[in-house]
$ cat target07.txt   # compact mmCIF, C-alpha atoms
# COMPACT_ATOMS: atom_id res chain seq x y z
CA MET A 1 -40.80 80.30 -153.10
CA THR A 2 -44.35 80.70 -151.74
CA GLN A 3 -44.37 81.87 -148.12
CA LEU A 4 -45.92 79.37 -145.71
CA ARG A 5 -48.46 81.32 -143.70
CA PHE A 6 -50.83 80.70 -140.80
CA ASP A 7 -53.62 83.11 -141.67
CA GLU A 8 -56.63 82.54 -139.37
CA ARG A 9 -54.96 79.53 -137.73
CA VAL A 10 -55.06 79.58 -133.91
CA ALA A 11 -52.05 78.28 -132.00
CA ILE A 12 -51.69 77.55 -128.28
CA ILE A 13 -48.08 77.83 -127.12
CA THR A 14 -47.27 76.80 -123.56
CA GLY A 15 -44.27 78.38 -121.91
CA GLY A 16 -44.61 81.09 -124.55
CA GLY A 17 -43.56 84.04 -122.42
CA GLY A 18 -39.86 83.66 -123.09
CA GLY A 19 -37.14 81.64 -124.76
CA LEU A 20 -38.23 79.07 -127.32
CA GLY A 21 -41.96 79.58 -126.78
CA ARG A 22 -41.70 83.31 -127.35
CA ALA A 23 -39.77 82.69 -130.58
CA TYR A 24 -42.47 80.27 -131.78
CA ALA A 25 -45.25 82.74 -130.92
CA ARG A 26 -43.55 85.64 -132.68
CA LEU A 27 -42.91 83.64 -135.84
CA LEU A 28 -46.43 82.23 -136.15
CA ALA A 29 -47.97 85.62 -135.44
CA SER A 30 -45.71 87.27 -138.03
CA ARG A 31 -47.12 84.82 -140.59
CA GLY A 32 -50.75 85.69 -139.83
CA GLY A 33 -51.55 83.27 -137.01
CA HIS A 34 -53.50 84.05 -133.85
CA VAL A 35 -51.52 82.91 -130.82
CA VAL A 36 -52.50 82.09 -127.26
CA VAL A 37 -49.41 82.58 -125.13
CA ASN A 38 -49.42 80.58 -121.90
CA ASP A 39 -46.89 81.02 -119.11
CA VAL A 40 -46.65 81.13 -115.34
CA ASN A 41 -48.65 83.76 -113.46
CA HIS A 42 -45.69 85.66 -112.09
CA LYS A 43 -45.15 89.40 -112.43
CA GLY A 44 -41.51 90.39 -112.68
CA ASP A 45 -39.89 93.79 -112.26
CA SER A 46 -41.93 95.06 -115.21
CA GLY A 47 -45.17 94.46 -113.31
CA VAL A 48 -46.61 92.22 -116.04
CA THR A 49 -46.61 88.48 -116.52
CA PRO A 50 -44.32 86.81 -119.09
CA ALA A 51 -47.29 85.90 -121.30
CA ALA A 52 -48.68 89.43 -121.19
CA ALA A 53 -45.29 90.89 -122.06
CA ALA A 54 -44.89 88.55 -125.03
CA CYS A 55 -48.40 89.36 -126.27
CA ALA A 56 -47.75 93.10 -125.98
CA GLU A 57 -44.63 92.69 -128.08
CA ILE A 58 -46.51 90.69 -130.72
CA THR A 59 -49.40 93.13 -130.96
CA GLU A 60 -46.99 96.08 -131.24
CA LEU A 61 -45.55 94.35 -134.30
CA GLY A 62 -49.03 94.01 -135.80
CA GLY A 63 -49.70 90.44 -134.71
CA SER A 64 -52.67 88.86 -132.91
CA ALA A 65 -52.12 87.40 -129.44
CA VAL A 66 -53.84 86.83 -126.10
CA ALA A 67 -52.29 85.75 -122.83
CA HIS A 68 -53.14 82.93 -120.47
CA ASP A 69 -51.42 83.18 -117.10
CA GLY A 70 -50.93 79.96 -115.16
CA SER A 71 -48.73 76.89 -114.91
CA VAL A 72 -49.78 73.93 -117.05
CA ALA A 73 -49.19 71.80 -113.96
CA GLU A 74 -52.16 73.40 -112.20
CA PRO A 75 -55.46 71.44 -111.96
CA SER A 76 -57.66 71.99 -115.02
CA ALA A 77 -54.92 74.05 -116.68
CA GLY A 78 -55.52 72.39 -120.03
CA GLU A 79 -59.21 73.25 -120.10
CA ALA A 80 -58.44 76.83 -119.08
CA VAL A 81 -55.86 77.34 -121.83
CA VAL A 82 -58.13 75.87 -124.51
CA ARG A 83 -61.09 77.91 -123.25
CA THR A 84 -58.97 81.06 -123.59
CA ALA A 85 -58.34 80.19 -127.25
CA LEU A 86 -61.99 79.41 -127.97
CA ASP A 87 -63.25 82.56 -126.24
CA ALA A 88 -60.77 84.77 -128.06
CA PHE A 89 -60.70 83.20 -131.51
CA GLY A 90 -63.41 80.53 -131.68
CA ARG A 91 -61.14 77.65 -132.64
CA VAL A 92 -57.89 75.77 -132.04
CA ASP A 93 -55.67 74.47 -134.84
CA ILE A 94 -52.21 74.13 -133.33
CA VAL A 95 -50.82 73.12 -129.93
CA ILE A 96 -47.13 73.58 -129.16
CA ASN A 97 -46.28 71.95 -125.83
CA ASN A 98 -43.17 73.87 -124.82
CA ALA A 99 -43.51 74.66 -121.10
CA GLY A 100 -40.73 73.24 -118.97
CA ILE A 101 -38.64 73.49 -115.82
CA THR A 102 -35.54 71.77 -114.47
CA ARG A 103 -34.70 70.57 -110.98
CA ASP A 104 -31.28 69.03 -111.61
CA ARG A 105 -29.63 66.83 -108.99
CA SER A 106 -27.93 63.46 -108.87
CA PHE A 107 -30.42 60.58 -108.70
CA ALA A 108 -29.19 59.52 -105.25
CA LYS A 109 -30.00 62.96 -103.82
CA MET A 110 -33.09 63.84 -105.87
CA SER A 111 -36.21 64.48 -103.77
CA ASN A 112 -39.74 63.31 -104.49
CA GLN A 113 -40.73 66.96 -104.83
CA GLU A 114 -38.09 67.54 -107.51
CA ILE A 115 -39.37 64.52 -109.41
CA ASP A 116 -43.03 65.50 -109.07
CA GLU A 117 -42.50 69.14 -110.06
CA VAL A 118 -40.65 68.26 -113.27
CA LEU A 119 -43.06 65.49 -114.26
CA GLY A 120 -45.95 67.81 -113.37
CA VAL A 121 -44.96 70.48 -115.88
CA HIS A 122 -43.40 68.47 -118.70
CA LEU A 123 -45.45 65.27 -118.80
CA HIS A 124 -48.70 65.91 -116.92
CA GLY A 125 -48.92 69.50 -118.17
CA THR A 126 -48.54 68.35 -121.76
CA LEU A 127 -51.14 65.64 -121.22
CA SER A 128 -53.55 68.18 -119.71
CA VAL A 129 -53.31 70.74 -122.52
CA THR A 130 -53.29 68.14 -125.30
CA ARG A 131 -56.28 66.25 -123.89
CA ALA A 132 -58.27 69.45 -123.58
CA ALA A 133 -57.53 70.34 -127.21
CA TRP A 134 -57.89 66.80 -128.60
CA GLY A 135 -61.67 66.77 -128.80
CA VAL A 136 -61.73 70.16 -130.51
CA LEU A 137 -59.20 69.02 -133.09
CA ARG A 138 -60.97 65.71 -133.70
CA GLU A 139 -64.27 67.47 -134.24
CA ARG A 140 -62.70 69.80 -136.78
CA GLN A 141 -60.84 66.88 -138.42
CA TYR A 142 -57.63 68.89 -138.40
CA GLY A 143 -54.77 69.73 -136.08
CA ARG A 144 -51.04 70.08 -135.63
CA ILE A 145 -49.41 69.22 -132.30
CA VAL A 146 -45.75 69.53 -131.33
CA MET A 147 -44.30 67.78 -128.28
CA THR A 148 -40.93 68.79 -126.85
CA THR A 149 -38.33 66.19 -125.95
CA SER A 150 -34.59 66.76 -125.45
CA VAL A 151 -31.22 65.10 -125.88
CA ALA A 152 -31.56 64.12 -122.20
CA GLY A 153 -34.81 62.31 -122.94
CA LEU A 154 -33.41 60.60 -126.01
CA PHE A 155 -29.90 59.78 -124.83
CA GLY A 156 -29.73 60.51 -121.10
CA ASN A 157 -27.83 63.16 -119.16
CA ARG A 158 -26.12 63.21 -115.79
CA GLY A 159 -28.14 64.84 -113.02
CA GLN A 160 -31.40 64.90 -114.97
CA ALA A 161 -33.18 61.64 -114.16
CA ASN A 162 -36.46 63.48 -113.53
CA TYR A 163 -36.20 65.68 -116.64
CA ALA A 164 -35.03 62.84 -118.88
CA SER A 165 -37.89 60.60 -117.69
CA ALA A 166 -40.45 63.27 -118.55
CA LYS A 167 -38.89 64.01 -121.92
CA ALA A 168 -38.70 60.33 -122.86
CA GLY A 169 -42.34 59.97 -121.87
CA LEU A 170 -43.28 62.71 -124.33
CA VAL A 171 -41.72 60.69 -127.16
CA GLY A 172 -44.02 57.77 -126.38
CA LEU A 173 -47.00 60.08 -126.01
CA GLY A 174 -46.30 61.91 -129.25
CA ARG A 175 -45.79 58.79 -131.32
CA THR A 176 -48.95 57.18 -129.91
CA LEU A 177 -51.07 60.26 -130.60
CA ALA A 178 -49.65 60.42 -134.12
CA ILE A 179 -51.15 56.97 -134.73
CA GLU A 180 -54.46 57.76 -133.04
CA GLY A 181 -54.80 61.19 -134.62
CA ALA A 182 -54.01 60.29 -138.24
CA LYS A 183 -57.57 59.44 -139.27
CA TYR A 184 -58.74 62.78 -137.87
CA GLY A 185 -56.17 64.81 -139.79
CA ILE A 186 -54.15 65.51 -136.63
CA GLY A 187 -50.39 65.51 -137.14
CA VAL A 188 -48.22 65.04 -134.05
CA ASN A 189 -44.46 65.49 -134.15
CA ILE A 190 -41.69 65.87 -131.58
CA ILE A 191 -38.95 68.49 -131.42
CA SER A 192 -35.63 68.11 -129.61
CA PRO A 193 -34.41 71.72 -129.45
CA GLY A 194 -31.13 73.23 -128.37
CA ALA A 195 -31.14 76.93 -127.51
CA ALA A 196 -29.80 79.49 -125.08
CA THR A 197 -32.77 80.30 -122.87
CA SER A 198 -33.26 81.29 -119.24
CA MET A 199 -33.30 77.57 -118.44
CA THR A 200 -30.07 76.72 -120.28
CA ALA A 201 -28.02 79.88 -120.82
CA ALA A 202 -26.00 79.48 -117.62
CA MET A 203 -24.82 76.06 -118.82
CA LEU A 204 -23.67 77.40 -122.21
CA PRO A 205 -20.56 79.48 -122.94
CA GLU A 206 -21.34 83.14 -123.63
CA HIS A 207 -20.03 82.95 -127.19
CA LEU A 208 -22.69 80.33 -128.07
CA HIS A 209 -25.69 82.36 -126.93
CA GLU A 210 -26.25 84.17 -130.22
CA LYS A 211 -25.46 81.09 -132.31
CA MET A 212 -27.98 79.11 -130.27
CA SER A 213 -30.76 81.68 -130.38
CA PRO A 214 -34.31 80.28 -130.04
CA ASP A 215 -35.05 82.01 -133.35
CA ARG A 216 -32.88 79.37 -135.04
CA VAL A 217 -35.12 76.58 -133.76
CA ALA A 218 -38.46 78.28 -134.50
CA PRO A 219 -38.58 77.62 -138.29
CA MET A 220 -38.54 73.83 -137.74
CA VAL A 221 -41.37 73.99 -135.21
CA ALA A 222 -43.36 76.34 -137.42
CA TYR A 223 -43.03 74.00 -140.37
CA LEU A 224 -44.31 71.07 -138.30
CA CYS A 225 -47.33 73.23 -137.43
CA HIS A 226 -48.14 74.15 -141.02
CA GLU A 227 -51.07 72.61 -142.89
CA SER A 228 -48.73 71.55 -145.72
CA CYS A 229 -46.70 69.33 -143.36
CA SER A 230 -47.86 65.73 -143.83
CA LEU A 231 -45.29 64.27 -141.42
CA SER A 232 -46.47 62.71 -138.19
CA GLY A 233 -44.80 60.67 -135.47
CA GLU A 234 -41.36 62.04 -136.31
CA ILE A 235 -38.63 63.35 -133.99
CA PHE A 236 -36.49 66.27 -135.13
CA PHE A 237 -33.39 67.86 -133.66
CA ALA A 238 -32.93 71.61 -134.12
CA ALA A 239 -30.14 73.78 -132.73
CA ALA A 240 -27.88 76.58 -133.98
CA GLY A 241 -29.26 76.34 -137.50
CA ARG A 242 -28.73 72.57 -137.79
CA PHE A 243 -31.75 70.33 -138.35
CA ALA A 244 -31.78 66.54 -138.25
CA ARG A 245 -34.06 63.54 -137.88
CA ASN A 246 -33.80 61.38 -134.76
CA LEU A 247 -34.74 57.72 -135.18
CA VAL A 248 -35.72 54.75 -133.05
CA VAL A 249 -34.32 51.76 -134.94
CA GLU A 250 -34.03 47.99 -134.64
CA THR A 251 -30.97 46.06 -135.82
CA ALA A 252 -31.27 42.95 -137.99
CA GLY A 253 -30.20 41.01 -134.90
CA TYR A 254 -29.79 37.30 -134.29
CA GLU A 255 -32.59 34.74 -134.52
CA ASN A 256 -32.67 31.44 -132.64
CA PRO A 257 -35.92 30.24 -130.98
CA ASP A 258 -33.86 27.88 -128.78
CA ALA A 259 -31.28 30.45 -127.76
CA THR A 260 -29.59 29.96 -124.42
CA ILE A 261 -27.88 32.55 -122.28
CA GLU A 262 -24.58 31.34 -123.73
CA ASP A 263 -25.88 31.66 -127.31
CA LEU A 264 -26.82 35.25 -126.71
CA ALA A 265 -23.44 36.01 -125.18
CA ALA A 266 -21.71 34.45 -128.20
CA HIS A 267 -23.88 36.29 -130.73
CA LEU A 268 -23.92 39.66 -128.98
CA PRO A 269 -21.82 41.33 -131.72
CA GLU A 270 -24.46 40.25 -134.27
CA ILE A 271 -27.27 41.58 -132.08
CA MET A 272 -25.43 44.88 -131.61
CA ASP A 273 -24.37 45.31 -135.24
CA THR A 274 -25.81 48.52 -136.72
CA GLY A 275 -24.79 47.66 -140.27
CA SER A 276 -28.38 46.70 -141.04
CA TRP A 277 -31.43 48.14 -139.32
CA THR A 278 -35.07 49.12 -139.80
CA VAL A 279 -37.44 51.71 -138.37
CA PRO A 280 -39.99 49.35 -136.77
CA ALA A 281 -42.89 51.79 -136.35
CA GLU A 282 -45.24 51.88 -139.32
CA ALA A 283 -45.41 55.16 -141.21
CA VAL A 284 -48.22 57.51 -140.22
CA GLN A 285 -50.09 58.92 -143.19
CA LEU A 286 -52.27 62.00 -142.79
CA PRO A 287 -55.27 62.35 -145.11
CA GLU A 288 -54.69 64.74 -148.01
$ encode --input "target07.txt" --output "structure tokens"
Amino acid sequence: MTQLRFDERVAIITGGGGGLGRAYARLLASRGGHVVVNDVNHKGDSGVTPAAAACAEITELGGSAVAHDGSVAEPSAGEAVVRTALDAFGRVDIVINNAGITRDRSFAKMSNQEIDEVLGVHLHGTLSVTRAAWGVLRERQYGRIVMTTSVAGLFGNRGQANYASAKAGLVGLGRTLAIEGAKYGIGVNIISPGAATSMTAAMLPEHLHEKMSPDRVAPMVAYLCHESCSLSGEIFFAAAGRFARNLVVETAGYENPDATIEDLAAHLPEIMDTGSWTVPAEAVQLPE
């Protein structure tokens, strides 16, 4: 089987200093890609930022990487990240929106700050980076963008109203940009990953950490970033070596233009029946 490579492609990866983002950066760089690793500007015990540490690791392995230190929630963060890519490599081909934080609390006790901080990184940060790259990709008539949702965003999760809202918003954003980007050769897909990272490891039993390594999600994301991938507007689940397609569907339902409240109550089983359904969104076709 021919190896799918990223020679001379330039990828921006937010939240790339650790966890899932680091796994994505390492894999793309190992296949010939140039990577811009973005992460927060915080020096740990090692005295270097997460992005710088990830880049050092990649270059030691023979890869090509530059760091951008700063939260995507900061003003003008998107322009700064894209400028880093253009200054270092002269182009942008791929954007992987991976940066994220959690501020979990029950909805009744959740503060405005906890809502704003999570929306700021996940939703507004993704908007900022993607908007800054969008014009570059449109001009080049090519691009691959990956948004990151989660099972919380797709199905809900206790104590994560802020996080789930942001992650659901990224589904709508990704599917809309898939439609708008198709005529420019820009493919936009959405990943729902499950992995043991600094953000999730404490919630997972120790024996699952290796099984749920970020490295077992990375191949799906890398494929969505490859030039041979013609998919766009899709949502994929990836965790522990299992990969699946998530769908938004519509049941066959019940039709009655004169329906009353009582009619709907009587026909609720028909409305709810999943025996027959369709995927209502039209397929997005990228130019060959």
$ closest_atom_pairs --input "target07.txt" --of "region 115-178 of chain A" --to "region 68-89 of chain A" --cutoff "9 Å" --atoms "all atoms listed in the file" --output "CSV"
residue,atom,partner,partner_atom,distance
A:Glu117,CA,A:Ala73,CA,8.2
A:Leu119,CA,A:Ala73,CA,8.8
A:Gly120,CA,A:Ala73,CA,5.2
A:Val121,CA,A:Ala73,CA,4.8
A:His122,CA,A:Ala73,CA,8.2
A:Leu123,CA,A:Ala73,CA,8.9
A:His124,CA,A:Ala73,CA,6.6
A:Gly125,CA,A:Val72,CA,4.6
A:Thr126,CA,A:Val72,CA,7.4
A:Leu127,CA,A:Gly78,CA,8.1
A:Ser128,CA,A:Gly78,CA,4.7
A:Val129,CA,A:Gly78,CA,3.7
A:Thr130,CA,A:Gly78,CA,7.1
A:Arg131,CA,A:Gly78,CA,7.3
A:Ala132,CA,A:Glu79,CA,5.2
A:Ala133,CA,A:Val82,CA,6.2
$ residues_near_point --input "target07.txt" --point "(-32.8, 77.7, -127.6)" --cutoff "8 Å" --atoms "all atoms listed in the file" --output "JSON, numbers by chain"
{"A": [19, 20, 193, 194, 195, 196, 197, 200, 212, 213, 214, 215, 216, 217, 239]}
$ closest_atom_pairs --input "target07.txt" --of "region 89-118 of chain A" --to "region 154-164 of chain A" --cutoff "12 Å" --atoms "all atoms listed in the file" --output "JSON lines"
{"residue": "A:Gly100", "atom": "CA", "partner": "A:Tyr163", "partner_atom": "CA", "distance": 9.1}
{"residue": "A:Ile101", "atom": "CA", "partner": "A:Tyr163", "partner_atom": "CA", "distance": 8.2}
{"residue": "A:Thr102", "atom": "CA", "partner": "A:Tyr163", "partner_atom": "CA", "distance": 6.5}
{"residue": "A:Arg103", "atom": "CA", "partner": "A:Tyr163", "partner_atom": "CA", "distance": 7.6}
{"residue": "A:Asp104", "atom": "CA", "partner": "A:Gln160", "partner_atom": "CA", "distance": 5.3}
{"residue": "A:Arg105", "atom": "CA", "partner": "A:Gly159", "partner_atom": "CA", "distance": 4.7}
{"residue": "A:Ser106", "atom": "CA", "partner": "A:Gly159", "partner_atom": "CA", "distance": 4.4}
{"residue": "A:Phe107", "atom": "CA", "partner": "A:Ala161", "partner_atom": "CA", "distance": 6.2}
{"residue": "A:Ala108", "atom": "CA", "partner": "A:Gly159", "partner_atom": "CA", "distance": 9.5}
{"residue": "A:Lys109", "atom": "CA", "partner": "A:Gly159", "partner_atom": "CA", "distance": 9.6}
{"residue": "A:Met110", "atom": "CA", "partner": "A:Asn162", "partner_atom": "CA", "distance": 8.4}
{"residue": "A:Ser111", "atom": "CA", "partner": "A:Asn162", "partner_atom": "CA", "distance": 9.8}
{"residue": "A:Asn112", "atom": "CA", "partner": "A:Asn162", "partner_atom": "CA", "distance": 9.6}
{"residue": "A:Gln113", "atom": "CA", "partner": "A:Asn162", "partner_atom": "CA", "distance": 10.3}
{"residue": "A:Glu114", "atom": "CA", "partner": "A:Asn162", "partner_atom": "CA", "distance": 7.4}
{"residue": "A:Ile115", "atom": "CA", "partner": "A:Asn162", "partner_atom": "CA", "distance": 5.2}
{"residue": "A:Asp116", "atom": "CA", "partner": "A:Asn162", "partner_atom": "CA", "distance": 8.2}
{"residue": "A:Glu117", "atom": "CA", "partner": "A:Asn162", "partner_atom": "CA", "distance": 9.0}
{"residue": "A:Val118", "atom": "CA", "partner": "A:Tyr163", "partner_atom": "CA", "distance": 6.1}
$ closest_residue --input "target07.txt" --among "A:Val40, A:Asn97, A:His226, A:Asn189" --to "Arg9 (chain A)" --atoms "only C-alpha atoms"
A:His226
$ closest_residue --input "target07.txt" --among "A:Glu180, A:Asp39, A:Asp263, A:Glu255" --to "Thr14 (chain A)" --atoms "all atoms listed in the file"
A:Asp39
$ closest_residue --input "target07.txt" --among "A:Glu288, A:Leu247, A:Cys225, A:Gly169" --to "Ile145 (chain A)" --atoms "all atoms listed in the file"
A:Cys225
$ residues_around --input "target07.txt" --residues "Thr278 (chain A)" --least-positions-apart "6" --cutoff "10 Å" --atoms "all atoms listed in the file" --output "tab-separated table (two decimals) with C-alpha atoms, in the coordinates of the input"
chain	number	residue	atom	x	y	z
A	247	LEU	CA	-34.74	57.72	-135.18
A	248	VAL	CA	-35.72	54.75	-133.05
A	249	VAL	CA	-34.32	51.76	-134.94
A	250	GLU	CA	-34.03	47.99	-134.64
A	251	THR	CA	-30.97	46.06	-135.82
A	252	ALA	CA	-31.27	42.95	-137.99
$ atom_distance --input "target07.txt" --atom1 "CA of Ala166 (chain A)" --atom2 "CA of Arg245 (chain A)"
20.4 Å
$ atom_distance --input "target07.txt" --atom1 "CA of Arg26 (chain A)" --atom2 "CA of Met147 (chain A)"
18.4 Å
$ closest_residue --input "target07.txt" --among "A:Gly233, A:Pro287, A:Gly32, A:Gly63" --to "Leu170 (chain A)" --atoms "only C-alpha atoms"
A:Gly233
$ atom_distance --input "target07.txt" --atom1 "CA of Thr149 (chain A)" --atom2 "CA of Gly187 (chain A)"
16.5 Å
$ decode --input "target07.txt" --residues "region 31-53 of chain A" --atoms "N, CA and C atoms" --output "CSV table (one decimal), in the first residue's frame"
chain,number,residue,atom,x,y,z
A,31,ARG,N,5.6,12.1,8.4
A,31,ARG,CA,5.3,11.9,7.0
A,31,ARG,C,5.7,13.0,6.1
A,32,GLY,N,6.6,13.8,6.5
A,32,GLY,CA,7.1,14.9,5.6
A,32,GLY,C,6.5,16.2,5.7
A,33,GLY,N,5.5,16.4,6.6
A,33,GLY,CA,4.9,17.7,6.7
A,33,GLY,C,5.6,18.7,7.6
A,34,HIS,N,5.4,20.0,7.3
A,34,HIS,CA,6.0,21.0,8.2
A,34,HIS,C,4.8,21.4,9.2
A,35,VAL,N,5.1,21.5,10.4
A,35,VAL,CA,4.0,21.7,11.4
A,35,VAL,C,4.3,23.0,12.2
A,36,VAL,N,3.3,23.7,12.4
A,36,VAL,CA,3.3,24.9,13.4
A,36,VAL,C,2.5,24.4,14.6
A,37,VAL,N,3.3,24.3,15.7
A,37,VAL,CA,2.7,23.8,16.9
A,37,VAL,C,2.3,25.0,17.8
A,38,ASN,N,1.0,25.2,18.0
A,38,ASN,CA,0.5,26.3,18.9
A,38,ASN,C,0.1,25.7,20.3
A,39,ASP,N,0.5,26.4,21.3
A,39,ASP,CA,0.0,26.1,22.7
A,39,ASP,C,0.2,27.3,23.6
A,40,VAL,N,-0.3,27.1,24.8
A,40,VAL,CA,-0.3,28.3,25.7
A,40,VAL,C,1.2,28.7,26.0
A,41,ASN,N,1.4,29.9,26.3
A,41,ASN,CA,2.7,30.5,26.6
A,41,ASN,C,3.0,30.3,28.1
A,42,HIS,N,3.2,29.1,28.5
A,42,HIS,CA,3.5,28.8,29.9
A,42,HIS,C,4.7,27.8,30.0
A,43,LYS,N,5.7,28.3,30.7
A,43,LYS,CA,6.9,27.4,30.9
A,43,LYS,C,6.8,26.6,32.1
A,44,GLY,N,6.9,25.3,32.0
A,44,GLY,CA,6.8,24.4,33.1
A,44,GLY,C,8.1,24.2,33.8
A,45,ASP,N,8.3,23.1,34.5
A,45,ASP,CA,9.5,22.8,35.2
A,45,ASP,C,10.7,22.7,34.3
A,46,SER,N,10.4,22.4,33.0
A,46,SER,CA,11.5,22.2,32.1
A,46,SER,C,12.1,23.5,31.6
A,47,GLY,N,11.4,24.6,31.9
A,47,GLY,CA,11.8,26.0,31.5
A,47,GLY,C,11.5,26.3,30.0
A,48,VAL,N,10.7,25.4,29.3
A,48,VAL,CA,10.3,25.7,28.0
A,48,VAL,C,8.8,25.6,27.9
A,49,THR,N,8.2,26.2,26.9
A,49,THR,CA,6.8,26.1,26.7
A,49,THR,C,6.4,24.7,26.1
A,50,PRO,N,5.1,24.3,26.2
A,50,PRO,CA,4.7,23.1,25.6
A,50,PRO,C,5.0,23.0,24.1
A,51,ALA,N,4.7,24.1,23.4
A,51,ALA,CA,4.9,24.1,22.0
A,51,ALA,C,6.4,23.9,21.6
A,52,ALA,N,7.2,24.6,22.3
A,52,ALA,CA,8.7,24.5,22.1
A,52,ALA,C,9.2,23.1,22.4
A,53,ALA,N,8.7,22.5,23.4
A,53,ALA,CA,9.1,21.1,23.8
A,53,ALA,C,8.7,20.1,22.7
